[in-house]
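Chemist: Hey, dropping upload29.tsv in here, TSV, N, CA and C atoms:
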```
chain	number	residue	atom	x	y	z
A	1	MET	N	-1.35	49.40	-29.69
A	1	MET	CA	-0.22	50.05	-29.07
A	1	MET	C	-0.05	51.48	-29.56
A	2	ALA	N	-0.89	51.88	-30.46
A	2	ALA	CA	-0.78	53.23	-31.02
A	2	ALA	C	-0.92	54.27	-29.92
A	3	GLY	N	-0.15	55.33	-30.04
A	3	GLY	CA	-0.23	56.43	-29.10
A	3	GLY	C	0.65	56.29	-27.88
A	4	ARG	N	1.28	55.15	-27.69
A	4	ARG	CA	2.16	54.97	-26.53
A	4	ARG	C	3.58	55.27	-26.92
A	5	SER	N	4.35	55.79	-25.97
A	5	SER	CA	5.77	56.00	-26.21
A	5	SER	C	6.46	54.64	-26.24
A	6	SER	N	7.66	54.61	-26.77
A	6	SER	CA	8.43	53.36	-26.81
A	6	SER	C	8.70	52.84	-25.40
A	7	VAL	N	8.98	53.74	-24.47
A	7	VAL	CA	9.18	53.32	-23.07
A	7	VAL	C	7.92	52.65	-22.54
A	8	GLU	N	6.77	53.23	-22.81
A	8	GLU	CA	5.51	52.64	-22.34
A	8	GLU	C	5.27	51.26	-22.94
A	9	ILE	N	5.66	51.08	-24.19
A	9	ILE	CA	5.51	49.77	-24.84
A	9	ILE	C	6.41	48.74	-24.18
A	10	VAL	N	7.68	49.10	-23.96
A	10	VAL	CA	8.62	48.17	-23.32
A	10	VAL	C	8.16	47.85	-21.90
A	11	GLU	N	7.74	48.85	-21.16
A	11	GLU	CA	7.30	48.59	-19.78
A	11	GLU	C	6.01	47.78	-19.75
A	12	ALA	N	5.15	47.93	-20.74
A	12	ALA	CA	3.96	47.07	-20.83
A	12	ALA	C	4.38	45.63	-21.13
A	13	PHE	N	5.40	45.46	-21.97
A	13	PHE	CA	5.94	44.13	-22.25
A	13	PHE	C	6.44	43.49	-20.96
A	14	TRP	N	7.23	44.22	-20.19
A	14	TRP	CA	7.73	43.68	-18.91
A	14	TRP	C	6.56	43.24	-18.03
A	15	GLU	N	5.56	44.09	-17.93
A	15	GLU	CA	4.44	43.81	-17.03
A	15	GLU	C	3.56	42.67	-17.54
A	16	GLU	N	3.13	42.73	-18.78
A	16	GLU	CA	2.18	41.75	-19.30
A	16	GLU	C	2.80	40.39	-19.59
A	17	VAL	N	4.04	40.39	-20.07
A	17	VAL	CA	4.70	39.12	-20.41
A	17	VAL	C	5.45	38.58	-19.20
A	18	TRP	N	6.42	39.34	-18.70
A	18	TRP	CA	7.27	38.83	-17.62
A	18	TRP	C	6.51	38.72	-16.30
A	19	ASN	N	5.93	39.80	-15.84
A	19	ASN	CA	5.22	39.74	-14.56
A	19	ASN	C	3.89	39.02	-14.67
A	20	GLY	N	3.34	38.98	-15.86
A	20	GLY	CA	2.12	38.21	-16.10
A	20	GLY	C	2.39	36.73	-16.30
A	21	HIS	N	3.66	36.35	-16.41
A	21	HIS	CA	4.08	34.96	-16.63
A	21	HIS	C	3.34	34.36	-17.81
A	22	ASN	N	3.29	35.13	-18.90
A	22	ASN	CA	2.44	34.74	-20.03
A	22	ASN	C	3.19	34.78	-21.35
A	23	PRO	N	3.81	33.65	-21.74
A	23	PRO	CA	4.52	33.61	-23.03
A	23	PRO	C	3.63	33.93	-24.23
A	24	ASP	N	2.34	33.64	-24.15
A	24	ASP	CA	1.45	33.92	-25.28
A	24	ASP	C	1.28	35.41	-25.55
A	25	LYS	N	1.47	36.25	-24.54
A	25	LYS	CA	1.37	37.70	-24.73
A	25	LYS	C	2.52	38.24	-25.57
A	26	ILE	N	3.56	37.46	-25.74
A	26	ILE	CA	4.71	37.88	-26.57
A	26	ILE	C	4.22	38.24	-27.97
A	27	ASP	N	3.24	37.51	-28.47
A	27	ASP	CA	2.70	37.78	-29.81
A	27	ASP	C	2.21	39.21	-29.96
A	28	ASP	N	1.72	39.80	-28.88
A	28	ASP	CA	1.19	41.16	-28.93
A	28	ASP	C	2.28	42.22	-29.06
A	29	PHE	N	3.52	41.86	-28.74
A	29	PHE	CA	4.57	42.87	-28.63
A	29	PHE	C	5.71	42.74	-29.64
A	30	VAL	N	6.08	41.53	-30.03
A	30	VAL	CA	7.29	41.37	-30.84
A	30	VAL	C	6.97	40.92	-32.26
A	31	VAL	N	7.86	41.26	-33.17
A	31	VAL	CA	7.73	40.85	-34.56
A	31	VAL	C	8.03	39.37	-34.69
A	32	GLU	N	7.60	38.78	-35.80
A	32	GLU	CA	7.79	37.35	-36.01
A	32	GLU	C	9.27	36.96	-36.05
A	33	ASP	N	10.11	37.82	-36.64
A	33	ASP	CA	11.54	37.51	-36.73
A	33	ASP	C	12.34	38.19	-35.61
A	34	PHE	N	11.71	38.35	-34.45
A	34	PHE	CA	12.33	38.94	-33.27
A	34	PHE	C	13.64	38.22	-32.93
A	35	VAL	N	14.62	39.00	-32.45
A	35	VAL	CA	15.90	38.46	-32.02
A	35	VAL	C	16.21	38.98	-30.63
A	36	ILE	N	16.63	38.09	-29.75
A	36	ILE	CA	17.16	38.48	-28.46
A	36	ILE	C	18.61	38.02	-28.42
A	37	THR	N	19.49	38.94	-28.09
A	37	THR	CA	20.93	38.65	-28.06
A	37	THR	C	21.43	38.85	-26.64
A	38	ASN	N	22.11	37.84	-26.12
A	38	ASN	CA	22.73	37.94	-24.80
A	38	ASN	C	24.12	37.35	-24.89
A	39	PRO	N	24.90	37.42	-23.82
A	39	PRO	CA	26.28	36.92	-23.91
A	39	PRO	C	26.39	35.46	-24.34
A	40	GLY	N	25.35	34.67	-24.17
A	40	GLY	CA	25.38	33.27	-24.57
A	40	GLY	C	25.05	33.04	-26.03
A	41	GLY	N	24.65	34.08	-26.75
A	41	GLY	CA	24.28	33.94	-28.15
A	41	GLY	C	22.98	34.63	-28.45
A	42	SER	N	22.33	34.21	-29.52
A	42	SER	CA	21.07	34.83	-29.94
A	42	SER	C	19.98	33.78	-30.06
A	43	ILE	N	18.77	34.23	-29.78
A	43	ILE	CA	17.58	33.42	-30.01
A	43	ILE	C	16.83	34.15	-31.12
A	44	GLU	N	16.62	33.47	-32.23
A	44	GLU	CA	16.04	34.11	-33.40
A	44	GLU	C	14.66	33.54	-33.69
A	45	GLY	N	13.69	34.44	-33.76
A	45	GLY	CA	12.32	34.05	-34.07
A	45	GLY	C	11.43	34.11	-32.83
A	46	ARG	N	10.22	34.61	-33.03
A	46	ARG	CA	9.27	34.78	-31.93
A	46	ARG	C	8.95	33.46	-31.25
A	47	GLU	N	8.73	32.40	-32.03
A	47	GLU	CA	8.37	31.11	-31.42
A	47	GLU	C	9.50	30.54	-30.57
A	48	LYS	N	10.73	30.68	-31.02
A	48	LYS	CA	11.88	30.21	-30.22
A	48	LYS	C	12.02	31.05	-28.95
A	49	PHE	N	11.77	32.35	-29.07
A	49	PHE	CA	11.82	33.21	-27.89
A	49	PHE	C	10.74	32.81	-26.89
A	50	LYS	N	9.54	32.51	-27.37
A	50	LYS	CA	8.46	32.08	-26.48
A	50	LYS	C	8.84	30.79	-25.75
A	51	ALA	N	9.45	29.86	-26.45
A	51	ALA	CA	9.87	28.61	-25.82
A	51	ALA	C	10.96	28.86	-24.78
A	52	TRP	N	11.92	29.74	-25.12
A	52	TRP	CA	12.98	30.09	-24.16
A	52	TRP	C	12.38	30.72	-22.91
A	53	PHE	N	11.45	31.65	-23.11
A	53	PHE	CA	10.84	32.34	-21.98
A	53	PHE	C	10.06	31.36	-21.10
A	54	ALA	N	9.30	30.46	-21.68
A	54	ALA	CA	8.55	29.47	-20.90
A	54	ALA	C	9.51	28.61	-20.07
A	55	ALA	N	10.64	28.22	-20.67
A	55	ALA	CA	11.63	27.43	-19.93
A	55	ALA	C	12.24	28.25	-18.79
A	56	PHE	N	12.48	29.54	-19.03
A	56	PHE	CA	13.02	30.41	-17.99
A	56	PHE	C	12.04	30.52	-16.83
A	57	LEU	N	10.76	30.71	-17.15
A	57	LEU	CA	9.74	30.79	-16.10
A	57	LEU	C	9.71	29.52	-15.25
A	58	ASP	N	9.96	28.38	-15.88
A	58	ASP	CA	9.98	27.12	-15.16
A	58	ASP	C	11.15	27.04	-14.19
A	59	GLN	N	12.23	27.79	-14.48
A	59	GLN	CA	13.42	27.76	-13.63
A	59	GLN	C	13.42	28.83	-12.54
A	60	VAL	N	12.51	29.80	-12.64
A	60	VAL	CA	12.41	30.86	-11.63
A	60	VAL	C	10.94	30.96	-11.21
A	61	HIS	N	10.63	30.33	-10.10
A	61	HIS	CA	9.27	30.40	-9.61
A	61	HIS	C	9.01	31.76	-8.96
A	62	ASP	N	7.77	32.19	-9.01
A	62	ASP	CA	7.34	33.47	-8.42
A	62	ASP	C	8.13	34.65	-8.99
A	63	LEU	N	8.50	34.57	-10.25
A	63	LEU	CA	9.29	35.62	-10.89
A	63	LEU	C	8.57	36.96	-10.84
A	64	ARG	N	9.34	37.98	-10.51
A	64	ARG	CA	8.85	39.36	-10.54
A	64	ARG	C	9.97	40.23	-11.08
A	65	LEU	N	9.69	40.98	-12.13
A	65	LEU	CA	10.67	41.89	-12.73
A	65	LEU	C	10.29	43.31	-12.34
A	66	GLU	N	11.23	44.00	-11.70
A	66	GLU	CA	11.03	45.38	-11.29
A	66	GLU	C	11.86	46.28	-12.21
A	67	VAL	N	11.21	47.19	-12.89
A	67	VAL	CA	11.91	48.15	-13.73
A	67	VAL	C	12.49	49.23	-12.83
A	68	VAL	N	13.81	49.41	-12.90
A	68	VAL	CA	14.47	50.47	-12.13
A	68	VAL	C	14.34	51.79	-12.86
A	69	GLU	N	14.63	51.75	-14.16
A	69	GLU	CA	14.43	52.93	-15.00
A	69	GLU	C	14.46	52.53	-16.46
A	70	SER	N	13.79	53.31	-17.27
A	70	SER	CA	13.79	53.13	-18.73
A	70	SER	C	13.83	54.50	-19.37
A	71	PHE	N	14.49	54.58	-20.51
A	71	PHE	CA	14.50	55.83	-21.27
A	71	PHE	C	14.69	55.49	-22.73
A	72	GLN	N	14.30	56.42	-23.59
A	72	GLN	CA	14.38	56.18	-25.03
A	72	GLN	C	15.15	57.29	-25.72
A	73	ASN	N	15.63	56.98	-26.92
A	73	ASN	CA	16.29	58.01	-27.71
A	73	ASN	C	15.22	58.94	-28.31
A	74	GLU	N	15.67	59.97	-28.98
A	74	GLU	CA	14.76	61.02	-29.45
A	74	GLU	C	13.65	60.51	-30.35
A	75	ASP	N	13.98	59.62	-31.29
A	75	ASP	CA	12.94	59.16	-32.22
A	75	ASP	C	12.19	57.91	-31.74
A	76	GLY	N	12.53	57.40	-30.56
A	76	GLY	CA	11.83	56.26	-30.00
A	76	GLY	C	12.22	54.92	-30.59
A	77	SER	N	13.27	54.88	-31.41
A	77	SER	CA	13.67	53.62	-32.04
A	77	SER	C	14.51	52.74	-31.10
A	78	ARG	N	14.96	53.30	-29.99
A	78	ARG	CA	15.72	52.53	-28.99
A	78	ARG	C	15.21	52.88	-27.60
A	79	VAL	N	15.12	51.84	-26.77
A	79	VAL	CA	14.78	51.99	-25.36
A	79	VAL	C	15.81	51.22	-24.56
A	80	ALA	N	16.28	51.84	-23.49
A	80	ALA	CA	17.18	51.16	-22.55
A	80	ALA	C	16.47	51.02	-21.22
A	81	SER	N	16.60	49.86	-20.61
A	81	SER	CA	15.98	49.59	-19.32
A	81	SER	C	16.99	48.95	-18.38
A	82	ARG	N	16.93	49.37	-17.13
A	82	ARG	CA	17.63	48.67	-16.04
A	82	ARG	C	16.55	48.01	-15.21
A	83	TRP	N	16.79	46.78	-14.77
A	83	TRP	CA	15.77	46.03	-14.07
A	83	TRP	C	16.38	45.08	-13.05
A	84	ILE	N	15.52	44.57	-12.17
A	84	ILE	CA	15.89	43.55	-11.18
A	84	ILE	C	14.85	42.44	-11.25
A	85	VAL	N	15.32	41.21	-11.33
A	85	VAL	CA	14.44	40.04	-11.28
A	85	VAL	C	14.58	39.39	-9.92
A	86	ARG	N	13.44	39.07	-9.34
A	86	ARG	CA	13.41	38.34	-8.07
A	86	ARG	C	12.52	37.13	-8.24
A	87	GLY	N	12.80	36.10	-7.48
A	87	GLY	CA	11.98	34.90	-7.52
A	87	GLY	C	12.59	33.83	-6.63
A	88	ARG	N	12.24	32.57	-6.94
A	88	ARG	CA	12.77	31.42	-6.21
A	88	ARG	C	13.40	30.46	-7.20
A	89	ASN	N	14.55	29.92	-6.84
A	89	ASN	CA	15.30	29.04	-7.72
A	89	ASN	C	14.61	27.70	-7.92
A	90	ASN	N	14.44	27.34	-9.19
A	90	ASN	CA	13.93	26.02	-9.55
A	90	ASN	C	14.84	25.39	-10.60
A	91	GLY	N	16.16	25.48	-10.34
A	91	GLY	CA	17.13	24.86	-11.24
A	91	GLY	C	17.80	25.82	-12.19
A	92	LEU	N	17.74	27.11	-11.91
A	92	LEU	CA	18.36	28.12	-12.77
A	92	LEU	C	19.86	27.89	-12.86
A	93	LEU	N	20.41	28.06	-14.04
A	93	LEU	CA	21.85	27.90	-14.32
A	93	LEU	C	22.35	26.50	-13.97
A	94	GLY	N	21.46	25.51	-14.07
A	94	GLY	CA	21.85	24.13	-13.81
A	94	GLY	C	22.04	23.80	-12.34
A	95	THR	N	21.54	24.65	-11.45
A	95	THR	CA	21.71	24.40	-10.02
A	95	THR	C	20.57	23.53	-9.49
A	96	GLU	N	20.74	23.08	-8.27
A	96	GLU	CA	19.71	22.29	-7.60
A	96	GLU	C	18.45	23.14	-7.40
A	97	PRO	N	17.28	22.66	-7.79
A	97	PRO	CA	16.04	23.43	-7.61
A	97	PRO	C	15.62	23.44	-6.14
A	98	ASP	N	16.22	24.35	-5.38
A	98	ASP	CA	16.06	24.35	-3.93
A	98	ASP	C	15.06	25.38	-3.41
A	99	GLY	N	14.48	26.18	-4.27
A	99	GLY	CA	13.49	27.15	-3.84
A	99	GLY	C	14.04	28.37	-3.13
A	100	GLN	N	15.37	28.49	-3.08
A	100	GLN	CA	15.93	29.64	-2.36
A	100	GLN	C	15.62	30.93	-3.11
A	101	PRO	N	15.44	32.03	-2.35
A	101	PRO	CA	15.19	33.32	-3.00
A	101	PRO	C	16.38	33.74	-3.85
A	102	ILE	N	16.09	34.31	-5.02
A	102	ILE	CA	17.14	34.81	-5.89
A	102	ILE	C	16.80	36.24	-6.31
A	103	SER	N	17.86	36.94	-6.69
A	103	SER	CA	17.71	38.31	-7.18
A	103	SER	C	18.90	38.60	-8.06
A	104	PHE	N	18.64	39.17	-9.24
A	104	PHE	CA	19.74	39.59	-10.11
A	104	PHE	C	19.29	40.79	-10.93
A	105	SER	N	20.27	41.58	-11.32
A	105	SER	CA	19.98	42.79	-12.09
A	105	SER	C	20.41	42.60	-13.54
A	106	GLY	N	19.94	43.51	-14.37
A	106	GLY	CA	20.32	43.46	-15.77
A	106	GLY	C	19.94	44.74	-16.49
A	107	THR	N	20.38	44.79	-17.73
A	107	THR	CA	20.02	45.89	-18.61
A	107	THR	C	19.56	45.30	-19.94
A	108	ALA	N	18.71	46.04	-20.60
A	108	ALA	CA	18.21	45.62	-21.90
A	108	ALA	C	18.12	46.85	-22.80
A	109	VAL	N	18.56	46.69	-24.03
A	109	VAL	CA	18.39	47.73	-25.04
A	109	VAL	C	17.49	47.13	-26.11
A	110	TRP	N	16.43	47.86	-26.44
A	110	TRP	CA	15.41	47.40	-27.37
A	110	TRP	C	15.44	48.20	-28.66
A	111	ALA	N	15.27	47.53	-29.79
A	111	ALA	CA	14.98	48.20	-31.06
A	111	ALA	C	13.46	48.15	-31.22
A	112	VAL	N	12.87	49.33	-31.42
A	112	VAL	CA	11.42	49.45	-31.51
A	112	VAL	C	11.08	50.00	-32.90
A	113	ARG	N	10.23	49.29	-33.62
A	113	ARG	CA	9.80	49.77	-34.94
A	113	ARG	C	8.85	50.94	-34.80
A	114	GLU	N	8.64	51.64	-35.92
A	114	GLU	CA	7.72	52.79	-35.92
A	114	GLU	C	6.31	52.40	-35.52
A	115	ASP	N	5.91	51.15	-35.79
A	115	ASP	CA	4.56	50.70	-35.43
A	115	ASP	C	4.46	50.24	-33.98
A	116	GLY	N	5.57	50.35	-33.23
A	116	GLY	CA	5.57	49.99	-31.82
A	116	GLY	C	5.92	48.55	-31.53
A	117	LYS	N	6.17	47.75	-32.55
A	117	LYS	CA	6.56	46.36	-32.33
A	117	LYS	C	8.03	46.29	-31.95
A	118	LEU	N	8.35	45.38	-31.03
A	118	LEU	CA	9.72	45.17	-30.58
A	118	LEU	C	10.42	44.24	-31.56
A	119	GLN	N	11.59	44.68	-32.03
A	119	GLN	CA	12.28	44.00	-33.11
A	119	GLN	C	13.51	43.22	-32.64
A	120	HIS	N	14.27	43.81	-31.72
A	120	HIS	CA	15.52	43.20	-31.25
A	120	HIS	C	15.72	43.62	-29.81
A	121	ASN	N	16.30	42.74	-29.02
A	121	ASN	CA	16.61	43.02	-27.62
A	121	ASN	C	18.02	42.52	-27.34
A	122	TRP	N	18.86	43.43	-26.84
A	122	TRP	CA	20.20	43.07	-26.40
A	122	TRP	C	20.19	43.11	-24.88
A	123	VAL	N	20.58	42.00	-24.24
A	123	VAL	CA	20.44	41.86	-22.79
A	123	VAL	C	21.79	41.53	-22.15
A	124	GLU	N	22.04	42.18	-21.05
A	124	GLU	CA	23.16	41.84	-20.16
A	124	GLU	C	22.57	41.64	-18.79
A	125	ARG	N	22.96	40.57	-18.12
A	125	ARG	CA	22.47	40.33	-16.77
A	125	ARG	C	23.60	39.83	-15.88
A	126	ALA	N	23.43	40.00	-14.59
A	126	ALA	CA	24.46	39.67	-13.61
A	126	ALA	C	24.48	38.17	-13.34
A	127	THR	N	24.79	37.39	-14.37
A	127	THR	CA	24.73	35.94	-14.27
A	127	THR	C	25.81	35.37	-13.35
A	128	TRP	N	27.02	35.92	-13.41
A	128	TRP	CA	28.10	35.40	-12.55
A	128	TRP	C	27.75	35.60	-11.08
A	129	GLU	N	27.26	36.78	-10.75
A	129	GLU	CA	26.87	37.05	-9.37
A	129	GLU	C	25.71	36.15	-8.94
A	130	LEU	N	24.77	35.92	-9.85
A	130	LEU	CA	23.66	35.02	-9.55
A	130	LEU	C	24.15	33.60	-9.33
A	131	TYR	N	25.05	33.14	-10.17
A	131	TYR	CA	25.60	31.78	-10.01
A	131	TYR	C	26.30	31.64	-8.66
A	132	GLN	N	27.08	32.66	-8.29
A	132	GLN	CA	27.75	32.63	-6.98
A	132	GLN	C	26.72	32.55	-5.85
A	133	GLN	N	25.65	33.32	-5.97
A	133	GLN	CA	24.59	33.32	-4.97
A	133	GLN	C	23.96	31.91	-4.86
A	134	LEU	N	23.72	31.28	-6.00
A	134	LEU	CA	23.06	29.97	-6.00
A	134	LEU	C	23.95	28.83	-5.52
A	135	THR	N	25.26	28.98	-5.66
A	135	THR	CA	26.16	27.89	-5.32
A	135	THR	C	26.93	28.13	-4.02
A	136	SER	N	26.72	29.27	-3.40
A	136	SER	CA	27.40	29.59	-2.14
A	136	SER	C	26.83	28.74	-1.02
A	137	THR	N	27.71	28.09	-0.27
A	137	THR	CA	27.26	27.31	0.87
A	137	THR	C	27.09	28.18	2.12
A	138	SER	N	27.68	29.37	2.13
A	138	SER	CA	27.57	30.24	3.31
A	138	SER	C	26.20	30.87	3.42
A	139	GLY	N	25.49	31.01	2.29
A	139	GLY	CA	24.18	31.65	2.31
A	139	GLY	C	23.03	30.70	2.60
A	140	ARG	N	23.34	29.43	2.80
A	140	ARG	CA	22.26	28.42	3.02
A	140	ARG	C	22.19	27.98	4.44
```
Represent the supplied structure as structure tokens.
Modeler:
Amino acid sequence: MAGRSSVEIVEAFWEEVWNGHNPDKIDDFVVEDFVITNPGGSIEGREKFKAWFAAFLDQVHDLRLEVVESFQNEDGSRVASRWIVRGRNNGLLGTEPDGQPISFSGTAVWAVREDGKLQHNWVERATWELYQQLTSTSGR
């Protein structure tokens, strides 16, 4: 990862892990004691994050993450990204796995070490809007 900007590292993570649907690629990007924090709490440790990600992939078939924009602070220790996830519902948020198309947006702020490894990720996503989309009877 040497020679890449922090934005390039984060966007490679999105592409290789998320769009590649490959939890094993997480090892290439994050530290062993990686933490992801979202409104529901924190997932601590690379192995727990890999398990969470694999379960998420199982709930969103044909997942595709589109980066809207990313930018970093001056020293590259923080990256912020806005993104949109699209796919098909396979039981996300405890709903019926009906295969309906889904789309939700979110933001992520990353702590990036000097060696380019991702250390912490703080995530906000439009979960309420997604839940409404999945449970609305008017859209079916």
Chemist: Write out as a list in words which residues come within 6 Å of segment 20-29 of chain A when counting all atoms listed in the file, dropping same-chain ones fewer than 6 positions away.
Modeler: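 With the cut-off at 6 Å, the set is Trp14, Lys50, Ala54, Lys117 and Leu118 of chain A.
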Chemist: Smallest atom-to-atom distance to Thr127 of chain A: which of A:Phe104, A:Arg82, A:Ser42, A:Glu69, using only C-alpha atoms?
Modeler: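 Ranking A:Phe104, A:Arg82, A:Ser42, A:Glu69 by distance to Thr127 of chain A, first place goes to A:Phe104.
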Chemist: Would you pick out the contacts of Gly91 of chain A at 8 Å or less, using only N, CA and C atoms, so that residues sharing its chain but fewer than 3 positions from it are not included, and give the list as a tab-separated table (two decimals) with N, CA and C atoms, in the coordinates of the input?
Modeler:
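The resulting file, part.tsv, is reproduced below:
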```tsv
chain	number	residue	atom	x	y	z
A	58	ASP	N	9.96	28.38	-15.88
A	58	ASP	CA	9.98	27.12	-15.16
A	58	ASP	C	11.15	27.04	-14.19
A	59	GLN	N	12.23	27.79	-14.48
A	59	GLN	CA	13.42	27.76	-13.63
A	59	GLN	C	13.42	28.83	-12.54
A	60	VAL	N	12.51	29.80	-12.64
A	60	VAL	CA	12.41	30.86	-11.63
A	60	VAL	C	10.94	30.96	-11.21
A	61	HIS	N	10.63	30.33	-10.10
A	61	HIS	CA	9.27	30.40	-9.61
A	61	HIS	C	9.01	31.76	-8.96
A	88	ARG	N	12.24	32.57	-6.94
A	88	ARG	CA	12.77	31.42	-6.21
A	88	ARG	C	13.40	30.46	-7.20
A	94	GLY	N	21.46	25.51	-14.07
A	94	GLY	CA	21.85	24.13	-13.81
A	94	GLY	C	22.04	23.80	-12.34
A	95	THR	N	21.54	24.65	-11.45
A	95	THR	CA	21.71	24.40	-10.02
A	95	THR	C	20.57	23.53	-9.49
A	96	GLU	N	20.74	23.08	-8.27
A	96	GLU	CA	19.71	22.29	-7.60
A	96	GLU	C	18.45	23.14	-7.40
A	97	PRO	N	17.28	22.66	-7.79
A	97	PRO	CA	16.04	23.43	-7.61
A	97	PRO	C	15.62	23.44	-6.14
A	98	ASP	N	16.22	24.35	-5.38
A	98	ASP	CA	16.06	24.35	-3.93
A	98	ASP	C	15.06	25.38	-3.41
A	99	GLY	N	14.48	26.18	-4.27
A	99	GLY	CA	13.49	27.15	-3.84
A	99	GLY	C	14.04	28.37	-3.13
A	100	GLN	N	15.37	28.49	-3.08
A	100	GLN	CA	15.93	29.64	-2.36
A	100	GLN	C	15.62	30.93	-3.11
```
Chemist: Can you tell me, as number ranges by chain, what residues are no more than 8 Å from Ala111 of chain A when counting all atoms listed in the file, ignoring any on the same chain fewer than 4 positions away?
Modeler: A: 76-80, 116-122
Chemist: What are the DSSP helix (DSSP H, G or I) residues of chain A, as an NGL selection string?
Modeler: :A and (6-19 or 23-29 or 46-59 or 92-94 or 127-135)
Chemist: In Å, how far is it from atom N of Asp62 of chain A to atom N of Gly87 of chain A?
Modeler: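 Interatomic distance here is 6.6 Å.
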Chemist: Between atom N of Arg64 of chain A and atom C of Trp52 of chain A, what distance in Å does the model show, to one decimal?
Modeler: 14.7 Å
Chemist: Go ahead and compute the interatomic distance for atom N of Glu11 of chain A and atom N of Leu134 of chain A, in Å to one decimal.
Modeler: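 Taking atom N of Glu11 of chain A and atom N of Leu134 of chain A, their separation equals 28.2 Å.
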Chemist: Which residues are close to Arg46 of chain A, i.e. within 7 Å by only C-alpha atoms, leaving aside same-chain residues fewer than 2 positions away? Reply as a VMD selection string.
Modeler: chain A and resid 30 to 34 44 48 to 50
Chemist: Could the residues in this selection be saved with N, CA and C atoms as a short mmCIF file (atom, residue, chain, number, x, y, z; two decimals), in the coordinates of the input?
Modeler:
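Once written, selection.cif looks like this:
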```cif
data_model
loop_
_atom_site.label_atom_id
_atom_site.label_comp_id
_atom_site.auth_asym_id
_atom_site.auth_seq_id
_atom_site.Cartn_x
_atom_site.Cartn_y
_atom_site.Cartn_z
N VAL A 30 6.08 41.53 -30.03
CA VAL A 30 7.29 41.37 -30.84
C VAL A 30 6.97 40.92 -32.26
N VAL A 31 7.86 41.26 -33.17
CA VAL A 31 7.73 40.85 -34.56
C VAL A 31 8.03 39.37 -34.69
N GLU A 32 7.60 38.78 -35.80
CA GLU A 32 7.79 37.35 -36.01
C GLU A 32 9.27 36.96 -36.05
N ASP A 33 10.11 37.82 -36.64
CA ASP A 33 11.54 37.51 -36.73
C ASP A 33 12.34 38.19 -35.61
N PHE A 34 11.71 38.35 -34.45
CA PHE A 34 12.33 38.94 -33.27
C PHE A 34 13.64 38.22 -32.93
N GLU A 44 16.62 33.47 -32.23
CA GLU A 44 16.04 34.11 -33.40
C GLU A 44 14.66 33.54 -33.69
N LYS A 48 10.73 30.68 -31.02
CA LYS A 48 11.88 30.21 -30.22
C LYS A 48 12.02 31.05 -28.95
N PHE A 49 11.77 32.35 -29.07
CA PHE A 49 11.82 33.21 -27.89
C PHE A 49 10.74 32.81 -26.89
N LYS A 50 9.54 32.51 -27.37
CA LYS A 50 8.46 32.08 -26.48
C LYS A 50 8.84 30.79 -25.75
#
```
Chemist: So which one's closest to Ser103 of chain A, A:Gln133, A:Val17, A:Glu124, A:Gly41? Using all atoms listed in the file, please.
Modeler: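 Of A:Gln133, A:Val17, A:Glu124, A:Gly41, the one nearest Ser103 of chain A is A:Gln133, counting all atoms listed in the file.
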Chemist: Go through A:Thr37, A:Thr135, A:Thr107, A:Asn19 and flag the residue nearest Leu63 of chain A, using all atoms listed in the file for the distances.
Modeler: A:Asn19
Chemist: Nearest to Asn90 of chain A among A:Leu57, A:Val35, A:Ala51, A:Val7, with distances taken over only N, CA and C atoms: which residue is it?
Modeler: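 Smallest separation from Asn90 of chain A among the options: A:Leu57.
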Chemist: For Ser81 of chain A, which of A:Ile9, A:Leu65, A:Ile43, A:Val109 is the closest residue, counting all atoms listed in the file?
Modeler: A:Val109
Chemist: Which residue gives the smallest distance to Val68 of chain A among A:Ile84, A:Leu92, A:Ile36, A:Ile102, with all atoms listed in the file counted?
Modeler: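 Of A:Ile84, A:Leu92, A:Ile36, A:Ile102, the one nearest Val68 of chain A, counting all atoms listed in the file, is A:Ile84.
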